[in-house]
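> Before we start, here is the structure in question, set down as structure tokens.
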There are 2 protein chains.
Amino acid sequence: MFEQLGLIGCGLMGGSFALALKRAGLVKRVVGYSKSPSTTERARQMGVIDIEAPSALLAVSGADIVLIAVPVSATEATFKAIKHLVTPSMLIMDVGSTKRDVIDAGRRGLREHIGSFVPAHPIAGKELSGVEHADPDLYAGKQIILTPIERTFTVQLQKAVDVWTALGCRVLKMSPEQHDAAFAAVSHLPHLIAFALMNGITSQPQGQDYLSLAGPGFRDFTRIAAGDPKIWRDIMISNREELLAQSKVFQRTLQAMELMISSGNGDALEGLIEQASNTRANWTMATKLNK
Amino acid sequence: MFEQLGLIGCGLMGGSFALALKRAGLVKRVVGYSKSPSTTERARQMGVIDIEAPSALLAVSGADIVLIAVPVSATEATFKAIKHLVTPSMLIMDVGSTKRDVIDAGRRGLREHIGSFVPAHPIAGKELSGVEHADPDLYAGKQIILTPIERTFTVQLQKAVDVWTALGCRVLKMSPEQHDAAFAAVSHLPHLIAFALMNGITSQPQGQDYLSLAGPGFRDFTRIAAGDPKIWRDIMISNREELLAQSKVFQRTLQAMELMISSGNGDALEGLIEQASNTRANWTMATKLNK
């Protein structure tokens with residue numbers, strides 16, 4: 001399907017994409033670049049990439065598909081670095097968790113080449129980052145959100161749909177605005193809450209004692225609090241408007257429940273808990289298998 | 001070790017205790033009572049109990065160990081119902097998630113017999129309630145908190161320590177106040193937050209669309225939102241002071257992070273996320289194996 005993947009950022013997300021593409025026979029060779037030369041070397045030793053490129057620009061040279069898998073805040077500089085070798089027949093994608101800011105970076109960084117860029121967000125990941133955790137099965141059965149804009153070339157959009165579908169993903173298309181609002185609600189806010197909960201506990205004199213007593217509910221609830229600080233800092237600041245709006249809705253709901261608790265209004269409280277409990281009990285994660 | 005267990009409440013928690021005691025050879029027979037006769041009958045058919053009692057009082061008759069495994073709000077009525085057959089040589093325990101209110105219920109309901117009561121909170125559970133999910137391994141390797149008061153008989157406290165230890169549990173003793181503050185922080189508040197998050201999302205016109213996009217982080221974060229409404233209503237109202245105090249600490253921490261996000265103070269935000277992430281990465285759930 002493709003001759004050459006130019007991979008910029010050979011970490012967990014990028015490395016897993018390269019491995020999946022290779023295993024599916026969808027690419028002949030992978031040319032990779034990472035900011036850290038030792039990561040690029042490691043990726044080659046592991047067979048994630050075939051050739052080490054000394055720059056982002058050279059990773060793109062000769063590629064017909066490019067994946068940018070760098071922290072969101074490095075996206076614009078990456079676009080600027082590769083711009084001179086981007087062609088209309090090239091498919092460029094990212095894997096960022098926010099989309100409006102990545103598209104803005106694309107307009108500024110790629111300019112007249114923006115049509116080749118198909119913004120993508122795979123709903124997949126691991127707590128462990130780095131190329132050593134790259135996994136050809138990371139994306140299989142997962143959802144991929146594509147957020148094309150008016151100037152996106154239809155030919156590249158179709159290629160993006162085809163390549164993720166070939167990797168076993170369920171592909172959804174929506175506007176960047178819809179994407180950012182939805183993920184503020186179901187991903188960015190839960191992370192912010194989990195970070196705040198951990199810090200709220202450890203700010204108390206007996207915080208460590210409290211933590212030593214926590215059980216399996218706490219373990220699952222706070223798993224996402226172990227997320228990567230640089231990545232989450234970027235996501236939260238990039239999507240600040242939607243995130244803060246969702247946090248307001250959450251705090252209003254929390255405060256309404258607090259009022260029922262403080263006034264001892266058990267029936268109203270039970271009604272709200274039941275609503276939440278039923279919603280959660282009836283929810284299942286969308287995957288390829290239950291679409 | 002014991003002749004007869006009087007089990008009041010033959011659900012998940014009570015049924016699992018009876019099965020564990022039997023398997024360990026620590027009790028000769030189990031006499032059980034549940035509010036619903038069909039539950040009691042089911043428990044007997046499953047071999048969780050040996051004899052069905054028609055009342056809580058008759059379940060206690062002849063018992064040397066009694067476990068009260070009913071919703072927290074039913075504790076006082078249960079104590080009153082059994083009071084006339086409580087003897088100083090009897091060990092009475094509960095399994096409630098809050099302890100000060102259960103002790104208050106004990107003072108009012110058991111009066112001069114309060115010394116036989118050893119308040120207990122096993123840090124164990126399942127999302128699925130009911131005797132059909134009773135499991136002799138539910139408590140193995142888990143923590144049990146005992147919160148004796150001044151009038152607790154030392155002999156019954158020692159028996160409580162011995163029986164849970166014999167079931168493979170790690171037994172901790174603390175004051176009811178310490179217990180309720182700690183579990184407000186690491187259990188009751190996370191549940192309240194999870195309920196509020198779910199309701200905040202579904203209160204929005206596009207809430208269902210948002211939910212359909214949620215991934216594995218959301219799945220784990222909201223698992224506890226499927227909790228039983230009656231049980232959680234009771235816990236939150238019983239422990240309202242500590243819960244609301246913990247919720248204040250949390251909201252202050254959340255709002256401090258929001259301020260960094262809205263002002264674009266990425267370095268300060270990253271510092272706080274890193275603190276939370278390190279705390280969580282270094283935390284492990286206490287079990288018998290890593291004590």
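Quick note on naming: the chains in the structure tokens go A, B, ... in the order shown, residues restart at 1 in each chain, and ligands are numbered from 1 in order of appearance.
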When the cut-off is 7 Å and we count only C-alpha atoms, which residues of chain A are near chain B, given as a CSV table (one decimal) with all heavy atoms, in the first residue's frame?

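Heads up, here's the output in part_0.csv:
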```
chain,number,residue,atom,x,y,z
A,123,ILE,N,-7.6,6.2,20.0
A,123,ILE,CA,-8.0,6.1,21.5
A,123,ILE,C,-7.3,4.8,22.0
A,123,ILE,O,-7.9,3.8,22.2
A,123,ILE,CB,-9.5,6.0,21.6
A,123,ILE,CG1,-10.2,7.0,20.8
A,123,ILE,CG2,-9.9,6.1,23.1
A,123,ILE,CD1,-9.7,8.4,21.0
A,182,ALA,N,-15.6,16.6,23.4
A,182,ALA,CA,-15.9,15.2,23.9
A,182,ALA,C,-14.7,14.7,24.7
A,182,ALA,O,-14.9,14.1,25.8
A,182,ALA,CB,-16.1,14.2,22.7
A,185,ALA,N,-14.4,16.1,28.2
A,185,ALA,CA,-15.3,15.5,29.1
A,185,ALA,C,-14.9,14.1,29.6
A,185,ALA,O,-15.0,13.8,30.8
A,185,ALA,CB,-16.7,15.4,28.5
A,186,VAL,N,-14.5,13.2,28.7
A,186,VAL,CA,-14.3,11.8,29.0
A,186,VAL,C,-12.8,11.4,29.2
A,186,VAL,O,-12.5,10.3,29.6
A,186,VAL,CB,-14.9,10.8,28.0
A,186,VAL,CG1,-16.4,11.1,27.9
A,186,VAL,CG2,-14.3,10.9,26.6
A,187,SER,N,-11.9,12.4,28.9
A,187,SER,CA,-10.5,12.0,29.2
A,187,SER,C,-9.7,13.1,29.9
A,187,SER,O,-9.1,12.8,30.9
A,187,SER,CB,-9.8,11.7,27.8
A,187,SER,OG,-8.4,11.6,28.0
A,193,ILE,N,-8.9,15.6,37.4
A,193,ILE,CA,-9.5,15.2,38.7
A,193,ILE,C,-8.6,14.2,39.4
A,193,ILE,O,-8.3,14.3,40.6
A,193,ILE,CB,-10.9,14.6,38.5
A,193,ILE,CG1,-11.9,15.6,38.0
A,193,ILE,CG2,-11.4,13.8,39.7
A,193,ILE,CD1,-13.3,15.0,37.6
A,195,PHE,N,-5.4,13.8,39.1
A,195,PHE,CA,-4.2,14.5,39.6
A,195,PHE,C,-4.5,15.3,40.9
A,195,PHE,O,-3.8,15.3,41.9
A,195,PHE,CB,-3.6,15.4,38.5
A,195,PHE,CG,-3.1,14.8,37.3
A,195,PHE,CD1,-3.4,15.3,36.0
A,195,PHE,CD2,-2.4,13.6,37.3
A,195,PHE,CE1,-2.9,14.7,34.9
A,195,PHE,CE2,-1.9,12.9,36.2
A,195,PHE,CZ,-2.2,13.5,34.9
A,196,ALA,N,-5.6,16.0,40.8
A,196,ALA,CA,-6.0,16.9,42.0
A,196,ALA,C,-6.3,16.0,43.2
A,196,ALA,O,-6.0,16.4,44.3
A,196,ALA,CB,-7.2,17.8,41.6
A,197,LEU,N,-7.0,14.9,43.0
A,197,LEU,CA,-7.3,14.0,44.1
A,197,LEU,C,-6.0,13.6,44.8
A,197,LEU,O,-5.9,13.6,46.1
A,197,LEU,CB,-8.1,12.8,43.7
A,197,LEU,CG,-8.5,11.9,44.9
A,197,LEU,CD1,-9.8,12.4,45.5
A,197,LEU,CD2,-8.6,10.5,44.5
A,198,MET,N,-5.1,13.1,44.0
A,198,MET,CA,-3.8,12.6,44.6
A,198,MET,C,-3.1,13.7,45.4
A,198,MET,O,-2.7,13.5,46.5
A,198,MET,CB,-2.8,12.1,43.5
A,198,MET,CG,-3.2,10.8,42.8
A,198,MET,SD,-3.5,9.4,43.9
A,198,MET,CE,-1.9,9.0,44.5
A,199,ASN,N,-3.0,14.9,44.8
A,199,ASN,CA,-2.3,16.0,45.5
A,199,ASN,C,-3.1,16.5,46.7
A,199,ASN,O,-2.5,16.9,47.7
A,199,ASN,CB,-2.1,17.2,44.5
A,199,ASN,CG,-1.0,16.9,43.5
A,199,ASN,OD1,-0.3,15.9,43.7
A,199,ASN,ND2,-1.0,17.7,42.4
A,200,GLY,N,-4.4,16.5,46.6
A,200,GLY,CA,-5.3,16.9,47.8
A,200,GLY,C,-5.0,15.9,49.0
A,200,GLY,O,-4.9,16.4,50.1
A,201,ILE,N,-4.9,14.7,48.7
A,201,ILE,CA,-4.6,13.7,49.8
A,201,ILE,C,-3.2,13.9,50.4
A,201,ILE,O,-3.0,14.1,51.6
A,201,ILE,CB,-4.8,12.3,49.3
A,201,ILE,CG1,-6.2,12.0,49.0
A,201,ILE,CG2,-4.3,11.3,50.4
A,201,ILE,CD1,-6.5,10.6,48.3
A,210,TYR,N,-3.4,7.7,55.0
A,210,TYR,CA,-4.7,7.5,54.2
A,210,TYR,C,-4.4,6.6,53.0
A,210,TYR,O,-5.1,5.6,52.7
A,210,TYR,CB,-5.3,8.8,53.7
A,210,TYR,CG,-5.8,9.7,54.8
A,210,TYR,CD1,-6.2,11.0,54.5
A,210,TYR,CD2,-5.9,9.3,56.2
A,210,TYR,CE1,-6.6,11.9,55.5
A,210,TYR,CE2,-6.3,10.2,57.2
A,210,TYR,CZ,-6.7,11.5,56.8
A,210,TYR,OH,-7.1,12.3,57.8
A,211,LEU,N,-3.3,6.9,52.3
A,211,LEU,CA,-3.0,6.2,51.0
A,211,LEU,C,-2.7,4.7,51.4
A,211,LEU,O,-3.1,3.8,50.6
A,211,LEU,CB,-1.8,6.8,50.3
A,211,LEU,CG,-2.0,8.1,49.6
A,211,LEU,CD1,-0.7,8.6,49.0
A,211,LEU,CD2,-3.1,8.0,48.5
A,212,SER,N,-2.1,4.4,52.5
A,212,SER,CA,-1.8,3.1,52.9
A,212,SER,C,-3.0,2.2,53.1
A,212,SER,O,-2.9,1.0,53.1
A,212,SER,CB,-0.9,3.0,54.1
A,212,SER,OG,-1.6,3.4,55.2
A,213,LEU,N,-4.2,2.8,53.3
A,213,LEU,CA,-5.4,2.1,53.6
A,213,LEU,C,-6.2,1.9,52.3
A,213,LEU,O,-7.2,1.2,52.3
A,213,LEU,CB,-6.2,2.8,54.6
A,213,LEU,CG,-5.6,3.0,56.0
A,213,LEU,CD1,-6.3,4.0,56.8
A,213,LEU,CD2,-5.5,1.6,56.7
A,214,ALA,N,-5.9,2.5,51.2
A,214,ALA,CA,-6.7,2.5,50.0
A,214,ALA,C,-6.8,1.1,49.4
A,214,ALA,O,-5.8,0.4,49.4
A,214,ALA,CB,-6.2,3.5,49.0
A,215,GLY,N,-7.9,0.8,48.8
A,215,GLY,CA,-8.2,-0.5,48.3
A,215,GLY,C,-8.3,-0.5,46.8
A,215,GLY,O,-7.9,0.4,46.1
A,217,GLY,N,-10.8,-0.1,44.7
A,217,GLY,CA,-11.6,1.0,44.0
A,217,GLY,C,-10.7,2.2,43.7
A,217,GLY,O,-10.7,2.7,42.6
A,218,PHE,N,-9.9,2.5,44.7
A,218,PHE,CA,-8.9,3.6,44.6
A,218,PHE,C,-7.9,3.3,43.6
A,218,PHE,O,-7.5,4.2,42.8
A,218,PHE,CB,-8.3,3.9,46.0
A,218,PHE,CG,-7.3,5.0,46.0
A,218,PHE,CD1,-7.7,6.3,46.2
A,218,PHE,CD2,-5.9,4.8,45.8
A,218,PHE,CE1,-6.8,7.3,46.3
A,218,PHE,CE2,-5.0,5.8,45.9
A,218,PHE,CZ,-5.4,7.1,46.1
A,220,ASP,N,-8.1,1.5,40.8
A,220,ASP,CA,-8.6,1.7,39.5
A,220,ASP,C,-8.9,3.2,39.2
A,220,ASP,O,-8.6,3.7,38.1
A,220,ASP,CB,-9.8,0.9,39.2
A,220,ASP,CG,-9.5,-0.6,39.3
A,220,ASP,OD1,-8.3,-1.0,39.4
A,220,ASP,OD2,-10.5,-1.4,39.3
A,221,PHE,N,-9.5,3.9,40.2
A,221,PHE,CA,-9.9,5.3,40.0
A,221,PHE,C,-8.6,6.1,39.7
A,221,PHE,O,-8.7,7.1,38.9
A,221,PHE,CB,-10.6,5.7,41.3
A,221,PHE,CG,-11.1,7.1,41.2
A,221,PHE,CD1,-12.3,7.4,40.5
A,221,PHE,CD2,-10.5,8.2,41.9
A,221,PHE,CE1,-12.9,8.6,40.5
A,221,PHE,CE2,-11.1,9.4,41.8
A,221,PHE,CZ,-12.2,9.7,41.2
A,222,THR,N,-7.5,5.8,40.3
A,222,THR,CA,-6.3,6.7,40.2
A,222,THR,C,-5.3,6.2,39.2
A,222,THR,O,-4.2,6.8,39.1
A,222,THR,CB,-5.7,6.9,41.6
A,222,THR,OG1,-5.3,5.6,42.1
A,222,THR,CG2,-6.6,7.6,42.6
A,224,ILE,N,-5.0,6.5,36.1
A,224,ILE,CA,-4.7,7.5,35.2
A,224,ILE,C,-3.9,8.7,35.8
A,224,ILE,O,-3.3,9.5,35.1
A,224,ILE,CB,-5.9,8.1,34.4
A,224,ILE,CG1,-6.9,8.7,35.4
A,224,ILE,CG2,-6.5,7.0,33.5
A,224,ILE,CD1,-8.1,9.3,34.7
A,225,ALA,N,-3.8,8.7,37.1
A,225,ALA,CA,-3.0,9.8,37.8
A,225,ALA,C,-1.5,9.6,37.6
A,225,ALA,O,-0.7,10.4,37.8
A,225,ALA,CB,-3.3,9.9,39.3
A,226,ALA,N,-1.1,8.4,37.1
A,226,ALA,CA,0.3,8.1,36.8
A,226,ALA,C,0.7,8.6,35.4
A,226,ALA,O,1.8,8.3,35.0
A,226,ALA,CB,0.6,6.6,37.0
A,227,GLY,N,-0.1,9.3,34.7
A,227,GLY,CA,0.2,9.8,33.4
A,227,GLY,C,1.4,10.6,33.3
A,227,GLY,O,1.9,11.2,34.3
A,229,PRO,N,3.7,13.7,32.9
A,229,PRO,CA,3.5,15.1,33.2
A,229,PRO,C,3.6,16.0,32.0
A,229,PRO,O,2.8,16.9,31.8
A,229,PRO,CB,4.5,15.4,34.2
A,229,PRO,CG,4.8,14.1,34.9
A,229,PRO,CD,4.7,13.1,33.8
A,230,LYS,N,4.6,15.8,31.1
A,230,LYS,CA,4.8,16.7,30.0
A,230,LYS,C,3.6,16.5,29.0
A,230,LYS,O,3.1,17.5,28.5
A,230,LYS,CB,6.1,16.3,29.2
A,230,LYS,CG,7.3,17.0,29.9
A,230,LYS,CD,8.5,16.9,29.0
A,230,LYS,CE,9.8,17.1,29.9
A,230,LYS,NZ,9.7,18.2,30.8
A,233,ARG,N,0.4,18.1,30.7
A,233,ARG,CA,0.5,19.5,30.7
A,233,ARG,C,0.1,20.1,29.4
A,233,ARG,O,-0.7,21.1,29.3
A,233,ARG,CB,2.0,19.9,31.1
A,233,ARG,CG,2.4,21.2,30.7
A,233,ARG,CD,3.9,21.3,30.4
A,233,ARG,NE,4.3,22.5,29.8
A,233,ARG,CZ,5.3,23.3,30.1
A,233,ARG,NH1,6.1,22.9,31.1
A,233,ARG,NH2,5.5,24.4,29.5
A,236,MET,N,-3.7,19.7,28.5
A,236,MET,CA,-4.6,20.5,29.3
A,236,MET,C,-4.5,22.0,28.9
A,236,MET,O,-5.5,22.7,28.8
A,236,MET,CB,-4.3,20.4,30.8
A,236,MET,CG,-4.8,19.0,31.3
A,236,MET,SD,-4.5,18.7,33.0
A,236,MET,CE,-5.1,17.0,33.0
A,237,ILE,N,-3.3,22.4,28.6
A,237,ILE,CA,-3.2,23.8,28.2
A,237,ILE,C,-3.7,24.0,26.7
A,237,ILE,O,-4.4,25.0,26.4
A,237,ILE,CB,-1.8,24.3,28.4
A,237,ILE,CG1,-1.6,24.5,29.9
A,237,ILE,CG2,-1.5,25.7,27.7
A,237,ILE,CD1,-0.2,25.0,30.4
A,240,ARG,N,-7.6,24.1,26.9
A,240,ARG,CA,-8.0,24.7,28.2
A,240,ARG,C,-9.5,25.1,28.2
A,240,ARG,O,-10.2,24.9,29.2
A,240,ARG,CB,-7.1,25.8,28.5
A,240,ARG,CG,-7.2,27.1,27.6
A,240,ARG,CD,-6.3,28.2,28.1
A,240,ARG,NE,-5.0,28.1,27.5
A,240,ARG,CZ,-4.0,28.9,27.7
A,240,ARG,NH1,-4.1,29.9,28.6
A,240,ARG,NH2,-2.9,28.8,27.1
A,244,LEU,N,-11.9,23.5,31.0
A,244,LEU,CA,-12.4,24.3,32.1
A,244,LEU,C,-13.9,24.4,32.0
A,244,LEU,O,-14.6,24.4,33.1
A,244,LEU,CB,-11.8,25.8,32.0
A,244,LEU,CG,-10.3,25.8,32.3
A,244,LEU,CD1,-9.7,27.2,32.0
A,244,LEU,CD2,-9.9,25.3,33.7
A,249,VAL,N,-19.0,22.2,34.8
A,249,VAL,CA,-20.2,21.3,34.8
A,249,VAL,C,-20.0,20.3,35.9
A,249,VAL,O,-20.9,20.0,36.7
A,249,VAL,CB,-20.4,20.6,33.4
A,249,VAL,CG1,-21.5,19.5,33.5
A,249,VAL,CG2,-20.7,21.6,32.3
A,250,PHE,N,-18.9,19.7,36.0
A,250,PHE,CA,-18.6,18.7,37.0
A,250,PHE,C,-18.7,19.3,38.4
A,250,PHE,O,-19.4,18.7,39.3
A,250,PHE,CB,-17.2,18.1,36.8
A,250,PHE,CG,-16.6,17.4,38.0
A,250,PHE,CD1,-17.2,16.2,38.5
A,250,PHE,CD2,-15.6,18.0,38.7
A,250,PHE,CE1,-16.7,15.6,39.6
A,250,PHE,CE2,-15.1,17.4,39.8
A,250,PHE,CZ,-15.6,16.2,40.3
A,253,THR,N,-22.3,19.8,39.4
A,253,THR,CA,-22.9,18.6,39.8
A,253,THR,C,-22.5,18.0,41.1
A,253,THR,O,-23.3,17.6,41.9
A,253,THR,CB,-22.6,17.5,38.7
A,253,THR,OG1,-22.8,18.1,37.4
A,253,THR,CG2,-23.5,16.3,38.8
A,254,LEU,N,-21.2,18.2,41.4
A,254,LEU,CA,-20.6,17.7,42.7
A,254,LEU,C,-21.3,18.5,43.8
A,254,LEU,O,-21.7,18.0,44.8
A,254,LEU,CB,-19.1,17.9,42.6
A,254,LEU,CG,-18.4,17.6,43.9
A,254,LEU,CD1,-18.5,16.1,44.2
A,254,LEU,CD2,-16.9,17.9,43.8
A,258,GLU,N,-23.3,17.5,47.1
A,258,GLU,CA,-22.9,17.9,48.5
A,258,GLU,C,-24.0,18.5,49.3
A,258,GLU,O,-24.1,18.2,50.5
A,258,GLU,CB,-21.7,18.9,48.4
A,258,GLU,CG,-20.4,18.3,47.9
A,258,GLU,CD,-19.3,19.4,47.9
A,258,GLU,OE1,-19.6,20.6,47.5
A,258,GLU,OE2,-18.2,19.1,48.2
A,261,ILE,N,-26.1,15.8,50.6
A,261,ILE,CA,-25.4,15.1,51.7
A,261,ILE,C,-25.5,16.0,53.0
A,261,ILE,O,-25.9,15.5,54.0
A,261,ILE,CB,-24.0,14.8,51.3
A,261,ILE,CG1,-23.9,13.8,50.2
A,261,ILE,CG2,-23.2,14.3,52.5
A,261,ILE,CD1,-22.6,13.6,49.5
A,262,SER,N,-25.2,17.3,52.8
A,262,SER,CA,-25.1,18.1,54.1
A,262,SER,C,-26.5,18.3,54.7
A,262,SER,O,-26.7,18.4,55.9
A,262,SER,CB,-24.4,19.4,53.8
A,262,SER,OG,-25.2,20.2,52.8
A,264,GLY,N,-28.8,16.0,54.5
A,264,GLY,CA,-29.4,14.7,54.8
A,264,GLY,C,-30.5,14.3,53.9
A,264,GLY,O,-31.3,13.4,54.3
A,266,GLY,N,-31.5,12.1,51.8
A,266,GLY,CA,-31.0,10.7,51.3
A,266,GLY,C,-31.8,10.3,50.0
A,266,GLY,O,-31.1,9.7,49.2
A,269,LEU,N,-30.4,12.1,47.0
A,269,LEU,CA,-29.0,11.7,46.8
A,269,LEU,C,-29.0,10.3,46.2
A,269,LEU,O,-28.3,10.0,45.2
A,269,LEU,CB,-28.3,11.6,48.1
A,269,LEU,CG,-26.8,11.2,48.1
A,269,LEU,CD1,-26.0,12.1,47.3
A,269,LEU,CD2,-26.2,11.0,49.5
A,270,GLU,N,-29.9,9.4,46.7
A,270,GLU,CA,-29.9,8.1,46.1
A,270,GLU,C,-30.4,8.1,44.7
A,270,GLU,O,-29.9,7.3,43.8
A,270,GLU,CB,-30.9,7.2,47.0
A,270,GLU,CG,-30.9,5.8,46.5
A,270,GLU,CD,-31.9,4.9,47.4
A,270,GLU,OE1,-32.1,5.2,48.6
A,270,GLU,OE2,-32.4,3.9,46.8
A,273,ILE,N,-27.4,9.0,42.6
A,273,ILE,CA,-26.4,7.9,42.6
A,273,ILE,C,-26.9,6.9,41.6
A,273,ILE,O,-26.1,6.3,40.8
A,273,ILE,CB,-26.1,7.4,44.0
A,273,ILE,CG1,-25.5,8.5,44.9
A,273,ILE,CG2,-25.2,6.1,43.9
A,273,ILE,CD1,-25.2,8.0,46.3
A,274,GLU,N,-28.2,6.6,41.7
A,274,GLU,CA,-28.8,5.6,40.9
A,274,GLU,C,-28.7,5.9,39.4
A,274,GLU,O,-28.4,5.1,38.6
A,274,GLU,CB,-30.3,5.4,41.3
A,274,GLU,CG,-30.9,4.1,40.6
A,274,GLU,CD,-32.2,3.7,41.3
A,274,GLU,OE1,-32.7,4.6,42.1
A,274,GLU,OE2,-32.6,2.6,41.1
A,276,ALA,N,-26.3,7.8,38.1
A,276,ALA,CA,-24.9,7.6,37.7
A,276,ALA,C,-24.6,6.1,37.6
A,276,ALA,O,-23.9,5.7,36.6
A,276,ALA,CB,-24.0,8.2,38.7
A,277,SER,N,-25.1,5.3,38.5
A,277,SER,CA,-24.8,3.9,38.6
A,277,SER,C,-25.4,3.2,37.3
A,277,SER,O,-24.7,2.3,36.7
A,277,SER,CB,-25.3,3.3,39.9
A,277,SER,OG,-25.1,1.9,39.9
A,278,ASN,N,-26.6,3.6,37.0
A,278,ASN,CA,-27.2,3.0,35.8
A,278,ASN,C,-26.5,3.3,34.5
A,278,ASN,O,-26.3,2.5,33.6
A,278,ASN,CB,-28.7,3.4,35.7
A,278,ASN,CG,-29.6,2.7,36.7
A,278,ASN,OD1,-29.2,1.7,37.3
A,278,ASN,ND2,-30.7,3.3,37.0
A,280,ARG,N,-23.3,4.1,34.2
A,280,ARG,CA,-22.1,3.4,34.1
A,280,ARG,C,-22.3,1.9,33.9
A,280,ARG,O,-21.5,1.3,33.1
A,280,ARG,CB,-21.3,3.6,35.4
A,280,ARG,CG,-19.9,2.9,35.4
A,280,ARG,CD,-19.1,3.3,34.3
A,280,ARG,NE,-17.8,2.6,34.2
A,280,ARG,CZ,-17.5,1.4,33.8
A,280,ARG,NH1,-18.5,0.7,33.4
A,280,ARG,NH2,-16.3,0.9,33.8
A,281,ALA,N,-23.3,1.3,34.5
A,281,ALA,CA,-23.6,-0.1,34.3
A,281,ALA,C,-23.9,-0.4,32.9
A,281,ALA,O,-23.6,-1.5,32.4
A,281,ALA,CB,-24.6,-0.6,35.3
A,285,MET,N,-17.2,0.1,26.5
A,285,MET,CA,-16.3,0.7,25.7
A,285,MET,C,-16.5,0.3,24.2
A,285,MET,O,-16.6,-0.9,24.0
A,285,MET,CB,-14.9,0.4,26.2
A,285,MET,CG,-13.8,1.3,25.7
A,285,MET,SD,-12.3,1.1,26.6
A,285,MET,CE,-11.7,-0.5,25.9
A,286,ALA,N,-16.5,1.3,23.4
A,286,ALA,CA,-16.7,1.0,21.9
A,286,ALA,C,-15.4,0.3,21.4
A,286,ALA,O,-14.3,0.8,21.6
A,286,ALA,CB,-17.0,2.2,21.2
```
> Find the residues around Gly11 (chain A) up to 9 Å (only C-alpha atoms counted), leave out those fewer than 3 positions away in its own chain, and share them as a tab-separated table (two decimals) with N, CA and C atoms, in the first residue's frame.

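And here's out.tsv as it stands now:
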```
chain	number	residue	atom	x	y	z
A	14	GLY	N	4.26	6.08	18.03
A	14	GLY	CA	4.86	5.99	16.70
A	14	GLY	C	5.43	4.61	16.43
A	15	GLY	N	6.14	4.07	17.40
A	15	GLY	CA	6.74	2.74	17.23
A	15	GLY	C	5.69	1.67	17.02
A	16	SER	N	4.59	1.78	17.75
A	16	SER	CA	3.52	0.77	17.60
A	16	SER	C	2.89	0.85	16.21
A	34	SER	N	13.94	10.55	15.83
A	34	SER	CA	13.52	10.98	17.17
A	34	SER	C	14.45	12.09	17.61
A	39	THR	N	17.17	7.05	21.16
A	39	THR	CA	15.85	6.46	20.89
A	39	THR	C	15.78	5.96	19.45
A	43	ALA	N	15.23	2.15	18.30
A	43	ALA	CA	14.11	1.78	17.42
A	43	ALA	C	14.62	0.93	16.24
A	69	ALA	N	4.47	11.70	15.72
A	69	ALA	CA	4.06	11.19	17.04
A	69	ALA	C	4.96	11.82	18.10
A	70	VAL	N	4.80	13.14	18.22
A	70	VAL	CA	5.60	13.92	19.17
A	70	VAL	C	4.63	14.60	20.15
A	129	SER	N	5.51	4.57	28.62
A	129	SER	CA	5.87	5.18	27.35
A	129	SER	C	7.23	4.66	26.90
A	130	GLY	N	7.65	5.09	25.69
A	130	GLY	CA	8.96	4.69	25.18
A	130	GLY	C	8.87	3.57	24.17
A	131	VAL	N	9.86	3.56	23.26
A	131	VAL	CA	9.86	2.60	22.15
A	131	VAL	C	9.94	1.15	22.65
A	132	GLU	N	10.53	0.97	23.83
A	132	GLU	CA	10.64	-0.41	24.35
A	132	GLU	C	9.27	-1.04	24.64
A	133	HIS	N	8.24	-0.20	24.75
A	133	HIS	CA	6.88	-0.72	24.97
A	133	HIS	C	6.04	-0.72	23.70
A	134	ALA	N	6.66	-0.40	22.57
A	134	ALA	CA	5.94	-0.41	21.29
A	134	ALA	C	5.37	-1.81	21.04
```
> Using only C-alpha atoms, which residues sit within 12 Å of His84 (chain B) once same-chain residues fewer than 6 positions away are excluded, as a ChimeraX atom specification?
/B:56-58,60-61,78,109-113
> Limited to C-alpha atoms, could you put the picked residues into a file as a PDB file, in the first residue's frame?

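The resulting out.pdb:
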```pdb
ATOM      1  CA  ALA B  56     -32.370 -11.623  63.493  1.00  0.00           C
ATOM      2  CA  LEU B  57     -32.939 -12.483  67.179  1.00  0.00           C
ATOM      3  CA  LEU B  58     -33.206 -16.200  66.453  1.00  0.00           C
ATOM      4  CA  VAL B  60     -28.194 -14.878  67.360  1.00  0.00           C
ATOM      5  CA  SER B  61     -29.691 -17.474  69.712  1.00  0.00           C
ATOM      6  CA  THR B  78     -30.558  -4.853  64.001  1.00  0.00           C
ATOM      7  CA  GLY B 109     -29.043  -0.341  70.241  1.00  0.00           C
ATOM      8  CA  LEU B 110     -26.853  -2.630  72.387  1.00  0.00           C
ATOM      9  CA  ARG B 111     -26.523  -0.361  75.461  1.00  0.00           C
ATOM     10  CA  GLU B 112     -24.792  -2.332  78.268  1.00  0.00           C
ATOM     11  CA  HIS B 113     -23.811  -5.047  75.763  1.00  0.00           C
TER      12      HIS B 113
END
```
> I'd like the interatomic distance between CA of Met174 (chain B) and CA of Pro148 (chain B), to a tenth of an Å.
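Taking CA of Met174 (chain B) as the start and CA of Pro148 (chain B) as the end point, the length is 7.6 Å.
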> Taking the DSSP assignment computed from this structure's backbone, write out as a PyMOL selection string all residues of region 10-214 of chain B that belong to strand (DSSP E or B).
chain B and resi 27-33+51-52+65-68+91-94+117-118+120-122+143-146+170-173
> For CA of Ile68 (chain A) and CA of Glu242 (chain A), quote the distance in Å rounded to one decimal.
24.1 Å
> Write out as a list in words the residues lying within 9 Å of Pro136 (chain B), counting only C-alpha atoms and excluding same-chain residues fewer than 6 positions away.
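Surrounding residues, per the criterion: Gly15, Ser16, Phe17, Ala18, Leu19, Ala20, Leu21, Lys22 and Arg23 of chain B.
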